[in-house]
file upload-v2.cif (mmCIF, C-alpha atoms)
data_work
loop_
_atom_site.label_atom_id
_atom_site.label_comp_id
_atom_site.auth_asym_id
_atom_site.auth_seq_id
_atom_site.Cartn_x
_atom_site.Cartn_y
_atom_site.Cartn_z
CA MET A 130 -47.49 -9.06 -54.22
CA GLU A 131 -47.25 -10.75 -50.85
CA ALA A 132 -47.06 -8.49 -47.85
CA GLN A 133 -43.71 -8.63 -46.15
CA THR A 134 -43.53 -8.88 -42.39
CA VAL A 135 -40.95 -6.66 -40.79
CA VAL A 136 -39.47 -8.12 -37.63
CA LEU A 137 -37.89 -5.57 -35.35
CA LYS A 138 -34.91 -6.85 -33.45
CA GLN A 139 -35.33 -6.32 -29.76
CA PRO A 140 -32.31 -4.85 -27.96
CA SER A 141 -30.56 -7.20 -25.58
CA GLN A 142 -31.00 -6.86 -21.84
CA LEU A 143 -27.37 -5.81 -21.54
CA LYS A 144 -27.91 -2.90 -23.93
CA LEU A 145 -31.08 -1.87 -22.10
CA ASN A 146 -29.26 -1.91 -18.79
CA TRP A 147 -26.38 0.12 -20.23
CA TYR A 148 -28.85 2.65 -21.65
CA ARG A 149 -30.54 3.04 -18.27
CA PHE A 150 -27.19 3.22 -16.50
CA ARG A 151 -25.72 5.95 -18.70
CA LYS A 152 -28.86 8.11 -18.45
CA ASN A 153 -27.43 9.37 -15.19
CA PRO A 154 -24.08 11.14 -15.82
CA LEU A 155 -23.34 11.28 -12.09
CA THR A 156 -23.43 7.50 -11.97
CA LEU A 157 -20.91 7.33 -14.80
CA ILE A 158 -18.67 9.75 -12.92
CA GLY A 159 -18.92 7.65 -9.77
CA GLY A 160 -18.14 4.48 -11.69
CA SER A 161 -15.15 6.11 -13.39
CA VAL A 162 -13.71 7.30 -10.07
CA LEU A 163 -14.20 3.84 -8.57
CA VAL A 164 -12.45 2.21 -11.54
CA MET A 165 -9.56 4.64 -11.00
CA PHE A 166 -9.24 3.59 -7.36
CA ILE A 167 -9.40 -0.11 -8.26
CA PHE A 168 -6.69 0.44 -10.90
CA LEU A 169 -4.59 2.33 -8.35
CA ALA A 170 -4.99 -0.42 -5.77
CA ILE A 171 -4.19 -3.30 -8.12
CA PHE A 172 -1.21 -1.73 -9.88
CA ALA A 173 0.22 0.18 -6.90
CA PRO A 174 3.61 -1.64 -7.07
CA ILE A 175 3.92 -0.66 -10.74
CA ILE A 176 2.66 2.91 -10.43
CA THR A 177 5.01 3.87 -7.59
CA PRO A 178 8.54 2.56 -6.93
CA TYR A 179 8.50 3.22 -3.18
CA ASN A 180 7.82 0.89 -0.28
CA PRO A 181 4.81 2.10 1.74
CA GLU A 182 6.46 1.23 5.06
CA MET A 183 10.11 2.08 4.36
CA ILE A 184 11.47 4.91 6.53
CA ASN A 185 13.70 7.58 4.98
CA MET A 186 14.34 10.35 7.50
CA LYS A 187 16.36 12.38 4.99
CA GLU A 188 13.14 13.11 3.04
CA ARG A 189 10.71 13.59 5.91
CA LEU A 190 7.81 16.04 5.41
CA GLN A 191 8.78 16.94 1.85
CA PRO A 192 6.13 18.95 -0.08
CA PRO A 193 4.62 17.59 -3.33
CA SER A 194 7.26 17.44 -6.05
CA ALA A 195 8.21 15.54 -9.19
CA SER A 196 9.74 12.72 -7.14
CA HIS A 197 6.96 12.64 -4.53
CA TRP A 198 3.67 13.74 -6.09
CA PHE A 199 1.79 13.77 -2.78
CA GLY A 200 4.79 14.67 -0.62
CA THR A 201 6.16 12.59 2.24
CA ASP A 202 5.15 11.93 5.85
CA GLU A 203 6.95 12.48 9.16
CA VAL A 204 9.35 9.57 8.57
CA GLY A 205 9.94 10.15 4.85
CA ARG A 206 7.47 7.64 3.39
CA ASP A 207 5.97 8.54 0.01
CA LEU A 208 2.33 9.57 0.52
CA LEU A 209 1.19 8.62 -2.99
CA THR A 210 2.44 5.10 -2.32
CA ARG A 211 0.65 4.95 1.02
CA VAL A 212 -2.58 6.31 -0.46
CA ALA A 213 -2.39 3.73 -3.26
CA TYR A 214 -1.78 0.83 -0.88
CA GLY A 215 -4.40 2.30 1.44
CA ALA A 216 -6.91 1.96 -1.40
CA ARG A 217 -6.36 -1.80 -1.27
CA LEU A 218 -7.10 -1.84 2.43
CA SER A 219 -10.03 0.59 2.54
CA LEU A 220 -11.82 -0.68 -0.57
CA GLY A 221 -11.17 -4.31 0.29
CA MET A 222 -12.39 -3.89 3.85
CA GLY A 223 -15.43 -1.84 2.84
CA ILE A 224 -16.58 -4.30 0.19
CA SER A 225 -15.87 -7.36 2.35
CA VAL A 226 -17.67 -6.00 5.41
CA VAL A 227 -20.82 -4.94 3.56
CA VAL A 228 -21.02 -8.14 1.48
CA ILE A 229 -20.61 -10.33 4.57
CA ALA A 230 -23.18 -8.28 6.49
CA GLY A 231 -25.54 -8.47 3.51
CA LEU A 232 -25.24 -12.26 3.23
CA ILE A 233 -25.70 -12.91 6.94
CA GLY A 234 -28.50 -10.36 7.26
CA THR A 235 -30.35 -11.77 4.25
CA VAL A 236 -30.30 -15.31 5.63
CA ILE A 237 -31.40 -14.22 9.11
CA GLY A 238 -34.09 -11.87 7.75
CA ALA A 239 -35.47 -14.47 5.34
CA PHE A 240 -35.63 -17.03 8.15
CA ALA A 241 -37.31 -14.61 10.55
CA GLY A 242 -39.84 -13.52 7.94
CA TYR A 243 -40.69 -17.00 6.75
CA VAL A 244 -40.88 -18.76 10.12
CA GLY A 245 -42.48 -15.83 11.96
CA GLY A 246 -44.03 -16.47 15.36
CA LYS A 247 -42.05 -16.05 18.57
CA ILE A 248 -38.75 -16.95 16.88
CA GLY A 249 -39.16 -14.21 14.32
CA GLN A 250 -40.19 -11.70 16.99
CA VAL A 251 -37.14 -12.50 19.15
CA ILE A 252 -34.81 -12.06 16.18
CA MET A 253 -36.34 -8.70 15.25
CA ARG A 254 -36.25 -7.40 18.83
CA ILE A 255 -32.52 -8.18 18.96
CA MET A 256 -32.07 -6.29 15.70
CA ASP A 257 -34.08 -3.37 17.09
CA VAL A 258 -31.80 -3.20 20.13
CA ILE A 259 -28.73 -2.95 17.87
CA LEU A 260 -30.41 -0.32 15.68
CA ALA A 261 -31.29 1.73 18.76
CA PHE A 262 -27.63 2.75 19.09
CA PRO A 263 -25.97 5.21 16.67
CA THR A 264 -23.94 3.23 14.14
CA LEU A 265 -20.63 4.97 14.78
CA VAL A 266 -20.97 4.91 18.57
CA LEU A 267 -21.76 1.19 18.61
CA ALA A 268 -18.92 0.39 16.20
CA MET A 269 -16.51 2.37 18.41
CA ALA A 270 -17.72 0.60 21.55
CA LEU A 271 -17.43 -2.86 20.03
CA THR A 272 -13.96 -2.18 18.62
CA ALA A 273 -12.75 -0.73 21.91
CA ALA A 274 -14.13 -3.75 23.79
CA LEU A 275 -12.57 -6.26 21.39
CA GLY A 276 -9.29 -4.35 21.13
CA PRO A 277 -7.98 -1.96 18.46
CA SER A 278 -7.11 -3.93 15.34
CA LEU A 279 -8.07 -4.18 11.69
CA PHE A 280 -9.99 -7.44 12.10
CA ASN A 281 -11.93 -6.21 15.12
CA ALA A 282 -12.87 -3.01 13.28
CA MET A 283 -14.22 -5.08 10.38
CA LEU A 284 -16.13 -7.33 12.79
CA ALA A 285 -17.67 -4.35 14.59
CA ILE A 286 -18.79 -2.68 11.37
CA ALA A 287 -20.29 -5.93 10.09
CA ILE A 288 -22.26 -6.35 13.33
CA VAL A 289 -23.77 -2.86 13.17
CA LYS A 290 -24.62 -3.30 9.49
CA ILE A 291 -26.38 -6.67 9.76
CA PRO A 292 -29.69 -5.40 11.25
CA VAL A 293 -30.33 -3.16 8.23
CA PHE A 294 -30.23 -6.16 5.91
CA VAL A 295 -32.24 -8.31 8.33
CA ARG A 296 -35.13 -5.85 8.35
CA LEU A 297 -34.98 -5.41 4.58
CA ALA A 298 -34.91 -9.15 3.86
CA ARG A 299 -37.69 -9.83 6.37
CA SER A 300 -40.01 -7.21 4.87
CA GLU A 301 -39.50 -8.67 1.40
CA THR A 302 -39.95 -12.21 2.71
CA LEU A 303 -43.34 -11.36 4.22
CA VAL A 304 -44.51 -10.56 0.68
CA VAL A 305 -42.82 -13.46 -1.10
CA ARG A 306 -44.04 -16.14 1.33
CA GLU A 307 -47.65 -15.40 0.28
CA LYS A 308 -46.93 -16.20 -3.37
CA LEU A 309 -48.58 -19.25 -4.90
CA TYR A 310 -45.32 -21.04 -5.73
CA VAL A 311 -44.23 -20.83 -2.07
CA LYS A 312 -47.56 -22.19 -0.85
CA ALA A 313 -47.38 -24.93 -3.48
CA ALA A 314 -43.90 -25.90 -2.27
CA LYS A 315 -45.23 -26.17 1.29
CA THR A 316 -48.15 -28.27 0.07
CA PHE A 317 -45.74 -30.74 -1.56
CA GLY A 318 -44.02 -31.19 1.78
CA LEU A 319 -40.73 -29.45 1.00
CA SER A 320 -38.68 -28.42 4.04
CA ASP A 321 -38.56 -24.84 5.28
CA MET A 322 -34.81 -24.61 4.63
CA TRP A 323 -35.32 -25.77 1.02
CA ILE A 324 -38.06 -23.21 0.43
CA ILE A 325 -36.01 -20.40 2.02
CA SER A 326 -32.90 -21.21 -0.01
CA ARG A 327 -34.63 -21.92 -3.34
CA HIS A 328 -37.66 -19.60 -3.33
CA ILE A 329 -37.34 -16.91 -0.67
CA ILE A 330 -33.73 -15.72 -0.86
CA PRO A 331 -33.49 -15.60 -4.70
CA ASN A 332 -36.60 -13.39 -4.76
CA VAL A 333 -35.47 -10.96 -2.04
CA ILE A 334 -31.86 -10.60 -3.17
CA THR A 335 -32.41 -7.66 -5.57
CA PRO A 336 -33.25 -5.03 -2.91
CA VAL A 337 -30.41 -6.43 -0.81
CA ILE A 338 -27.94 -5.85 -3.66
CA ILE A 339 -29.19 -2.28 -3.98
CA GLN A 340 -28.72 -1.73 -0.25
CA VAL A 341 -25.21 -3.22 -0.42
CA THR A 342 -24.14 -0.73 -3.10
CA LEU A 343 -25.65 2.15 -1.13
CA ASP A 344 -23.91 1.08 2.12
CA LEU A 345 -20.41 0.77 0.64
CA GLY A 346 -19.71 4.49 0.90
CA ASP A 347 -20.83 4.54 4.53
CA ALA A 348 -18.60 1.54 5.29
CA ILE A 349 -15.58 3.37 3.83
CA LEU A 350 -16.30 6.32 6.12
CA LEU A 351 -16.72 4.08 9.17
CA ILE A 352 -13.42 2.32 8.48
CA ALA A 353 -11.64 5.65 8.07
CA THR A 354 -13.25 7.01 11.24
CA LEU A 355 -12.17 4.05 13.34
CA GLY A 356 -8.67 4.37 11.88
CA PHE A 357 -8.63 8.08 12.68
CA LEU A 358 -9.60 7.34 16.29
CA GLY A 359 -6.86 4.73 16.58
CA LEU A 360 -9.30 1.81 16.77
CA GLY A 361 -8.73 0.38 13.29
CA ALA A 362 -5.55 -0.38 11.38
CA GLN A 363 -2.43 0.27 13.45
CA PRO A 364 0.78 1.95 12.24
CA PRO A 365 2.68 1.43 10.03
CA THR A 366 -0.19 -0.09 8.04
CA PRO A 367 -1.13 2.34 5.23
CA GLU A 368 -4.78 3.15 5.98
CA TRP A 369 -6.44 6.43 5.04
CA GLY A 370 -8.03 7.17 8.42
CA SER A 371 -4.87 6.50 10.43
CA MET A 372 -2.88 8.64 7.97
CA ILE A 373 -5.20 11.58 8.64
CA HIS A 374 -4.91 10.94 12.39
CA THR A 375 -1.12 11.42 12.24
CA GLY A 376 -1.15 14.08 9.52
CA TRP A 377 -3.57 16.29 11.44
CA GLU A 378 -0.74 17.24 13.83
CA TYR A 379 1.23 18.70 10.92
CA PHE A 380 -1.68 20.25 9.04
CA LEU A 381 -0.80 23.93 9.55
CA ASP A 382 2.71 23.63 8.09
CA GLN A 383 2.52 20.41 6.06
CA TRP A 384 -0.99 20.58 4.59
CA TRP A 385 -0.46 17.77 2.09
CA TYR A 386 -0.09 15.08 4.78
CA ALA A 387 -3.76 14.96 5.80
CA THR A 388 -5.21 16.50 2.62
CA PHE A 389 -4.52 13.75 0.10
CA PRO A 390 -5.81 10.82 2.24
CA GLY A 391 -8.86 12.98 3.04
CA ILE A 392 -9.51 13.59 -0.65
CA ALA A 393 -9.20 9.84 -1.27
CA ILE A 394 -11.81 9.07 1.41
CA PHE A 395 -14.15 11.72 0.04
CA LEU A 396 -13.89 10.55 -3.58
CA ALA A 397 -14.24 6.86 -2.68
CA SER A 398 -17.33 7.36 -0.51
CA VAL A 399 -19.02 9.71 -3.02
CA SER A 400 -18.27 7.38 -5.96
CA PHE A 401 -19.87 4.44 -4.12
CA ASN A 402 -22.94 6.53 -3.32
CA LEU A 403 -23.32 7.67 -6.94
CA LEU A 404 -22.81 4.13 -8.19
CA GLY A 405 -25.33 2.83 -5.68
CA ASP A 406 -27.94 5.27 -6.98
CA GLY A 407 -27.29 3.98 -10.49
CA PHE A 408 -27.72 0.35 -9.45
CA ARG A 409 -30.94 1.24 -7.65
CA ASP A 410 -32.31 2.78 -10.84
CA LEU A 411 -31.12 -0.26 -12.79
CA LEU A 412 -32.39 -3.04 -10.52
CA ASP A 413 -35.49 -1.48 -8.95
CA PRO A 414 -38.38 -1.39 -11.45
CA LYS A 415 -40.24 1.18 -9.29
CA SER A 416 -37.47 3.72 -9.85
CA LEU A 417 -37.49 3.53 -13.65
CA LYS A 418 -39.07 6.48 -15.37
#

call {"tool": "encode", "arguments": {"input": "upload-v2.cif", "output": "structure tokens"}}
result
Amino acid sequence: MEAQTVVLKQPSQLKLNWYRFRKNPLTLIGGSVLVMFIFLAIFAPIITPYNPEMINMKERLQPPSASHWFGTDEVGRDLLTRVAYGARLSLGMGISVVVIAGLIGTVIGAFAGYVGGKIGQVIMRIMDVILAFPTLVLAMALTAALGPSLFNAMLAIAIVKIPVFVRLARSETLVVREKLYVKAAKTFGLSDMWIISRHIIPNVITPVIIQVTLDLGDAILLIATLGFLGLGAQPPTPEWGSMIHTGWEYFLDQWWYATFPGIAIFLASVSFNLLGDGFRDLLDPKSLK
């Protein structure tokens, strides 16, 4: 009889990634909470019938009830509605700011690492000056200088986040530029911009993605902090930090006002951190056990 060869089917990369991802139950919890917030943000008009900015003084400062699950604020607006619409603002701002900072920082860091010399040194010294200041203090100073507004808060947070990605991309570029395929590209006379865009950036993007996922939670907290200090979104815009700023005055008698936006900030930031840890385990081969 002829010997039969048994061919074992290799699992797909998607299944392998899912297996690695679900090994960490905390990551699954973080992902589930994040999905809940995204669902709440997208379907807010369907979930709640109230207008987030409509004033109804007859129902001001009502406690949680069947008609207002999270209670109402000082002018009778439904807090569940404002938390739901605030999820759109906080999540959208947090993701946008970190992604923009990651893209800009990656390009600058890859350029500084590849070109090197005095240009690279000047770029890194500028980044070091920005990193010398505490993140929150610098973001507050920039927002106050530019003027309190939602756009200026996003711009300030992006500026203070860029140096982290510049240093990360530069350190990875210093390794990648010594690879044979990069030296071969230089030998064939390809331009520096072509090599950076085709060889350097694609090979340094993985650690940048990991850093982006890890920084999302911090960006949510920064946005809420600037809103709490009156430097971010301005009333009556439904933003979690500004809601806590106003609700803090009523905390002793109307506890629900500041509590539910605070819980939303806590859950959103923790879920991003847990999800970021999962992506790090998934994308970083050094972290796999």

call {"tool": "residues_around", "arguments": {"input": "upload-v2.cif", "residues": "Phe166 in chain A", "least_positions_apart": "6", "cutoff": "12 Å", "atoms": "all atoms listed in the file", "output": "MDAnalysis selection string"}}
result
chainID A and resid 159:160 172:173 212:221 393:394 396:398 400:401

call {"tool": "residues_around", "arguments": {"input": "upload-v2.cif", "residues": "Gln191 in chain A", "least_positions_apart": "2", "cutoff": "6 Å", "atoms": "only C-alpha atoms", "output": "list in words"}}
result
Glu188, Arg189, Gly200 and Thr201 of chain A

call {"tool": "residues_near_point", "arguments": {"input": "upload-v2.cif", "point": "(-32.1, -14.4, 8.5)", "cutoff": "12 Å", "atoms": "only C-alpha atoms", "output": "ChimeraX atom specification"}}
result
/A:230-245,248-249,251-253,256,291-302,322,325-326,329-330,333

call {"tool": "closest_residue", "arguments": {"input": "upload-v2.cif", "among": "A:Val162, A:Ala274, A:Ala387, A:Val311", "to": "Ile373 in chain A", "atoms": "all atoms listed in the file"}}
result
A:Ala387

call {"tool": "residues_around", "arguments": {"input": "upload-v2.cif", "residues": "Thr354 in chain A", "least_positions_apart": "2", "cutoff": "12 Å", "atoms": "only C-alpha atoms", "output": "MDAnalysis selection string"}}
result
chainID A and resid 219 264:266 268:269 272 282 286 347:352 356:362 368:374 391 394

call {"tool": "resolve_selection", "arguments": {"input": "upload-v2.cif", "expression": "the PyMOL selection byres ((chain A and resi 174-180) around 10)", "output": "ChimeraX atom specification"}}
result
/A:168-173,181-184,197,206-211,213-214

call {"tool": "write_last_selection", "arguments": {"input": "upload-v2.cif", "atoms": "C-alpha atoms", "output": "PDB file, keeping the file's coordinate frame"}}
result
ATOM      1  CA  PHE A 168      -6.690   0.440 -10.900  1.00  0.00           C
ATOM      2  CA  LEU A 169      -4.590   2.330  -8.350  1.00  0.00           C
ATOM      3  CA  ALA A 170      -4.990  -0.420  -5.770  1.00  0.00           C
ATOM      4  CA  ILE A 171      -4.190  -3.300  -8.120  1.00  0.00           C
ATOM      5  CA  PHE A 172      -1.210  -1.730  -9.880  1.00  0.00           C
ATOM      6  CA  ALA A 173       0.220   0.180  -6.900  1.00  0.00           C
ATOM      7  CA  PRO A 181       4.810   2.100   1.740  1.00  0.00           C
ATOM      8  CA  GLU A 182       6.460   1.230   5.060  1.00  0.00           C
ATOM      9  CA  MET A 183      10.110   2.080   4.360  1.00  0.00           C
ATOM     10  CA  ILE A 184      11.470   4.910   6.530  1.00  0.00           C
ATOM     11  CA  HIS A 197       6.960  12.640  -4.530  1.00  0.00           C
ATOM     12  CA  ARG A 206       7.470   7.640   3.390  1.00  0.00           C
ATOM     13  CA  ASP A 207       5.970   8.540   0.010  1.00  0.00           C
ATOM     14  CA  LEU A 208       2.330   9.570   0.520  1.00  0.00           C
ATOM     15  CA  LEU A 209       1.190   8.620  -2.990  1.00  0.00           C
ATOM     16  CA  THR A 210       2.440   5.100  -2.320  1.00  0.00           C
ATOM     17  CA  ARG A 211       0.650   4.950   1.020  1.00  0.00           C
ATOM     18  CA  ALA A 213      -2.390   3.730  -3.260  1.00  0.00           C
ATOM     19  CA  TYR A 214      -1.780   0.830  -0.880  1.00  0.00           C
TER      20      TYR A 214
END

call {"tool": "atom_distance", "arguments": {"input": "upload-v2.cif", "atom1": "CA of Tyr310 in chain A", "atom2": "CA of Gln250 in chain A"}}
result
25.1 Å

call {"tool": "atom_distance", "arguments": {"input": "upload-v2.cif", "atom1": "CA of Phe395 in chain A", "atom2": "CA of Leu163 in chain A"}}
result
11.7 Å

call {"tool": "atom_distance", "arguments": {"input": "upload-v2.cif", "atom1": "CA of Val204 in chain A", "atom2": "CA of Tyr379 in chain A"}}
result
12.4 Å

call {"tool": "residues_around", "arguments": {"input": "upload-v2.cif", "residues": "Ile158 in chain A", "least_positions_apart": "4", "cutoff": "10 Å", "atoms": "all atoms listed in the file", "output": "ChimeraX atom specification"}}
result
/A:151,153-154,162-164,399-400,403-404

call {"tool": "closest_residue", "arguments": {"input": "upload-v2.cif", "among": "A:Leu303, A:Ile167, A:Ile224, A:Met186", "to": "Leu343 in chain A", "atoms": "all atoms listed in the file"}}
result
A:Ile224
